[in-house]
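Structure, as structure tokens:
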Amino acid sequence: MGRFDPRKVPVFRAYRDEIPWELLPADDIDPEWVRVAKLDGEVIGVYAVHPLSPVEFRIDAVAVAPPHRRQGLGSWLLRHAIGVCETKGAREIVAASVPGTSILARAGFKPDGGQLRLCLTPEW
């Protein structure tokens with residue numbers, strides 16, 4: 001597969017039968033909050049978020065299928081997830097601090113105890 005522009009890969013609310021569960025870390029993810037990236041009809045990436053309160057959300061996963069990694073799609077999906085959370089009212093987003101969280105640090109997440117936190121500030 002050749003290189004592609006990740007910003008041109010459409011992201012959709014996932015149908016239950018197309019969620020790539022093998023890319024997600026847990027079975028207790030709410031399918032209502034899963035979004036998938038598709039290229040030529042194939043699911044190539046996924047993210048899952050979870051509302052903790054009306055103003056705080058958690059990113060449960062951002063994952064890209066192995067053949068499509070290292071092309072910027074994970075960063076694109078993370079930015080999309082942040083945007084969805086913000087449109088739903090989030091002012092803070094948390095994520096687990098695990099190996100491979102440099103993508104989160106580049107997006108502005110800061111260490112906060114055992115997790116990472118992104119504080120969103122409203123524009124005035």
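Convention: chains lettered A, B, ... in structure tokens order; per-chain residue numbering from 1; ligands numbered from 1 as shown.
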
Check your understanding: Can you tell me, as an NGL selection string, what residues are no more than 10 Å from A:Ala96 when counting only C-alpha atoms, ignoring any on the same chain fewer than 3 positions away?
Key -> :A and (58-61 or 99 or 101 or 104 or 111-117)

Practice item. Identify, on the basis of only C-alpha atoms, every residue whose closest approach to stretch 105-109 of chain A does not exceed 9 Å; exclude the query and any residue fewer than 3 positions from it along the same chain; express the result as a list of chain:residue names. Key: A:Ser75, A:Leu78, A:Arg79, A:Ile93, A:Val94, A:Ala95, A:Thr101, A:Ser102, A:Leu116, A:Arg117, A:Leu118, A:Cys119

Save out the residues we just selected, all heavy atoms, as an mmCIF file, in the first residue's frame.
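That gives us again.cif:
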```
data_model
loop_
_atom_site.group_PDB
_atom_site.id
_atom_site.type_symbol
_atom_site.label_atom_id
_atom_site.label_comp_id
_atom_site.auth_asym_id
_atom_site.auth_seq_id
_atom_site.Cartn_x
_atom_site.Cartn_y
_atom_site.Cartn_z
ATOM 1 N N SER A 75 -2.208 10.050 14.489
ATOM 2 C CA SER A 75 -2.298 11.456 14.917
ATOM 3 C C SER A 75 -3.582 12.091 14.409
ATOM 4 O O SER A 75 -4.235 12.860 15.124
ATOM 5 C CB SER A 75 -1.094 12.247 14.398
ATOM 6 O OG SER A 75 0.086 11.787 15.007
ATOM 7 N N LEU A 78 -6.427 10.828 16.527
ATOM 8 C CA LEU A 78 -6.401 11.461 17.848
ATOM 9 C C LEU A 78 -6.980 12.866 17.768
ATOM 10 O O LEU A 78 -7.805 13.258 18.606
ATOM 11 C CB LEU A 78 -4.983 11.491 18.404
ATOM 12 C CG LEU A 78 -4.824 12.213 19.748
ATOM 13 C CD1 LEU A 78 -5.672 11.557 20.839
ATOM 14 C CD2 LEU A 78 -3.360 12.249 20.149
ATOM 15 N N ARG A 79 -6.578 13.644 16.774
ATOM 16 C CA ARG A 79 -7.128 15.001 16.629
ATOM 17 C C ARG A 79 -8.629 14.948 16.373
ATOM 18 O O ARG A 79 -9.385 15.785 16.872
ATOM 19 C CB ARG A 79 -6.392 15.751 15.524
ATOM 20 C CG ARG A 79 -4.970 16.123 15.912
ATOM 21 C CD ARG A 79 -4.315 17.081 14.935
ATOM 22 N NE ARG A 79 -4.314 16.638 13.560
ATOM 23 C CZ ARG A 79 -3.381 15.881 12.988
ATOM 24 N NH1 ARG A 79 -2.352 15.458 13.708
ATOM 25 N NH2 ARG A 79 -3.456 15.557 11.716
ATOM 26 N N ILE A 93 -9.873 16.143 28.715
ATOM 27 C CA ILE A 93 -9.831 14.791 28.168
ATOM 28 C C ILE A 93 -8.675 14.077 28.840
ATOM 29 O O ILE A 93 -7.575 14.622 28.934
ATOM 30 C CB ILE A 93 -9.621 14.801 26.641
ATOM 31 C CG1 ILE A 93 -10.722 15.629 25.961
ATOM 32 C CG2 ILE A 93 -9.595 13.381 26.091
ATOM 33 C CD1 ILE A 93 -10.480 15.866 24.485
ATOM 34 N N VAL A 94 -8.926 12.868 29.325
ATOM 35 C CA VAL A 94 -7.878 12.078 29.967
ATOM 36 C C VAL A 94 -7.595 10.842 29.119
ATOM 37 O O VAL A 94 -8.433 10.402 28.336
ATOM 38 C CB VAL A 94 -8.251 11.658 31.416
ATOM 39 C CG1 VAL A 94 -8.396 12.882 32.303
ATOM 40 C CG2 VAL A 94 -9.505 10.821 31.441
ATOM 41 N N ALA A 95 -6.390 10.327 29.304
ATOM 42 C CA ALA A 95 -5.983 9.093 28.632
ATOM 43 C C ALA A 95 -5.003 8.384 29.546
ATOM 44 O O ALA A 95 -4.308 9.020 30.343
ATOM 45 C CB ALA A 95 -5.337 9.395 27.286
ATOM 46 N N THR A 101 2.838 6.705 24.402
ATOM 47 C CA THR A 101 1.972 7.874 24.576
ATOM 48 C C THR A 101 2.588 9.154 24.017
ATOM 49 O O THR A 101 2.056 10.224 24.237
ATOM 50 C CB THR A 101 1.605 8.078 26.054
ATOM 51 O OG1 THR A 101 2.806 8.192 26.817
ATOM 52 C CG2 THR A 101 0.753 6.951 26.577
ATOM 53 N N SER A 102 3.684 9.045 23.280
ATOM 54 C CA SER A 102 4.282 10.251 22.719
ATOM 55 C C SER A 102 3.310 10.947 21.767
ATOM 56 O O SER A 102 3.334 12.168 21.646
ATOM 57 C CB SER A 102 5.590 9.927 22.008
ATOM 58 O OG SER A 102 5.359 9.042 20.936
ATOM 59 N N LEU A 116 -2.747 10.903 31.591
ATOM 60 C CA LEU A 116 -2.421 12.125 30.866
ATOM 61 C C LEU A 116 -3.700 12.937 30.723
ATOM 62 O O LEU A 116 -4.782 12.366 30.596
ATOM 63 C CB LEU A 116 -1.837 11.791 29.497
ATOM 64 C CG LEU A 116 -0.548 10.986 29.516
ATOM 65 C CD1 LEU A 116 -0.204 10.484 28.116
ATOM 66 C CD2 LEU A 116 0.586 11.827 30.081
ATOM 67 N N ARG A 117 -3.573 14.254 30.736
ATOM 68 C CA ARG A 117 -4.754 15.118 30.687
ATOM 69 C C ARG A 117 -4.540 16.247 29.688
ATOM 70 O O ARG A 117 -3.475 16.850 29.637
ATOM 71 C CB ARG A 117 -5.033 15.696 32.070
ATOM 72 C CG ARG A 117 -6.275 16.566 32.147
ATOM 73 C CD ARG A 117 -6.559 17.014 33.582
ATOM 74 N NE ARG A 117 -6.741 15.887 34.483
ATOM 75 C CZ ARG A 117 -7.892 15.226 34.677
ATOM 76 N NH1 ARG A 117 -8.966 15.585 34.018
ATOM 77 N NH2 ARG A 117 -7.949 14.223 35.525
ATOM 78 N N LEU A 118 -5.588 16.531 28.918
ATOM 79 C CA LEU A 118 -5.596 17.667 28.009
ATOM 80 C C LEU A 118 -6.708 18.590 28.465
ATOM 81 O O LEU A 118 -7.876 18.177 28.545
ATOM 82 C CB LEU A 118 -5.870 17.192 26.569
ATOM 83 C CG LEU A 118 -5.993 18.293 25.520
ATOM 84 C CD1 LEU A 118 -4.654 19.021 25.346
ATOM 85 C CD2 LEU A 118 -6.469 17.715 24.198
ATOM 86 N N CYS A 119 -6.353 19.820 28.781
ATOM 87 C CA CYS A 119 -7.349 20.814 29.186
ATOM 88 C C CYS A 119 -7.681 21.658 27.958
ATOM 89 O O CYS A 119 -6.786 22.230 27.329
ATOM 90 C CB CYS A 119 -6.827 21.699 30.306
ATOM 91 S SG CYS A 119 -6.558 20.783 31.830
#
```

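If you measure from each of A:Ile29, A:Leu24, A:Leu120, A:Val46 to A:Phe12 using only C-alpha atoms, the closest one turns out to be A:Val46.
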
**Study point:** Which residue of A:Lys8, A:His50, A:Lys110, A:Arg3 approaches A:Val84 most closely, using only C-alpha atoms
**Key:**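 Distance minimum relative to A:Val84 lands on A:His50.
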
Exercise for review: Have a look at atom CA of A:Ala48 and atom CA of A:Ala81 and let me know their distance in Å, one decimal.
Suggested key: 7.8 Å

**Study point:** atom CA of A:Pro6 to atom CA of A:Asp28, straight-line distance in Å
**Key:** 27.9 Å

Practice item. Can you work out the spacing between atom CA of A:Pro10 and atom CA of A:Asp27 in Å, to one decimal? Key: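 Result for atom CA of A:Pro10 versus atom CA of A:Asp27: 24.8 Å, one decimal.
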
Exercise for review: May I have the residues within 10 Å of A:Phe4 as JSON, numbers by chain, using only C-alpha atoms and disregarding those fewer than 2 positions away in the same chain?
Suggested key: {"A": [1, 2, 6, 7, 8, 9, 39, 68, 71, 72, 73]}

**Study point:** DSSP-assigned strand (DSSP E) members of stretch 22-57 of chain A, reported as a VMD selection string
**Key:** chain A and resid 34 to 39 42 to 53 56 to 57

Practice item. Check the DSSP output for the backbone and give back, as a ChimeraX atom specification, the residues of chain A in helix (DSSP H, G or I). Key: /A:6-8,16-18,21-23,31-33,66-68,73-87,102-106

Print the selection's residues with C-alpha atoms to a file, as a tab-separated table (two decimals), in the first residue's frame.
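Output contents, as saved in again23.tsv:
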```
chain	number	residue	atom	x	y	z
A	6	PRO	CA	-4.35	10.77	6.47
A	7	ARG	CA	-6.42	13.98	6.50
A	8	LYS	CA	-8.27	12.70	3.45
A	16	ARG	CA	-21.38	-2.64	15.23
A	17	ASP	CA	-20.35	-5.33	12.75
A	18	GLU	CA	-17.37	-3.34	11.41
A	21	TRP	CA	-12.28	-5.30	18.21
A	22	GLU	CA	-8.83	-6.83	17.75
A	23	LEU	CA	-7.38	-3.28	17.72
A	31	PRO	CA	-19.84	1.01	20.41
A	32	GLU	CA	-21.79	4.29	20.41
A	33	TRP	CA	-18.50	6.15	20.98
A	66	PRO	CA	-0.55	-2.70	10.90
A	67	PRO	CA	-0.24	-2.13	7.12
A	68	HIS	CA	-1.25	1.54	7.55
A	73	LEU	CA	-3.20	8.26	10.61
A	74	GLY	CA	-2.95	7.74	14.38
A	75	SER	CA	-2.30	11.46	14.92
A	76	TRP	CA	-5.18	12.32	12.60
A	77	LEU	CA	-7.52	9.99	14.52
A	78	LEU	CA	-6.40	11.46	17.85
A	79	ARG	CA	-7.13	15.00	16.63
A	80	HIS	CA	-10.51	13.81	15.35
A	81	ALA	CA	-11.28	12.23	18.73
A	82	ILE	CA	-10.36	15.46	20.53
A	83	GLY	CA	-12.65	17.37	18.18
A	84	VAL	CA	-15.57	15.01	18.79
A	85	CYS	CA	-15.10	15.26	22.56
A	86	GLU	CA	-14.97	19.04	22.35
A	87	THR	CA	-18.15	19.27	20.26
A	102	SER	CA	4.28	10.25	22.72
A	103	ILE	CA	1.43	10.79	20.25
A	104	LEU	CA	-0.61	12.11	23.19
A	105	ALA	CA	2.22	14.36	24.40
A	106	ARG	CA	2.56	15.84	20.90
```
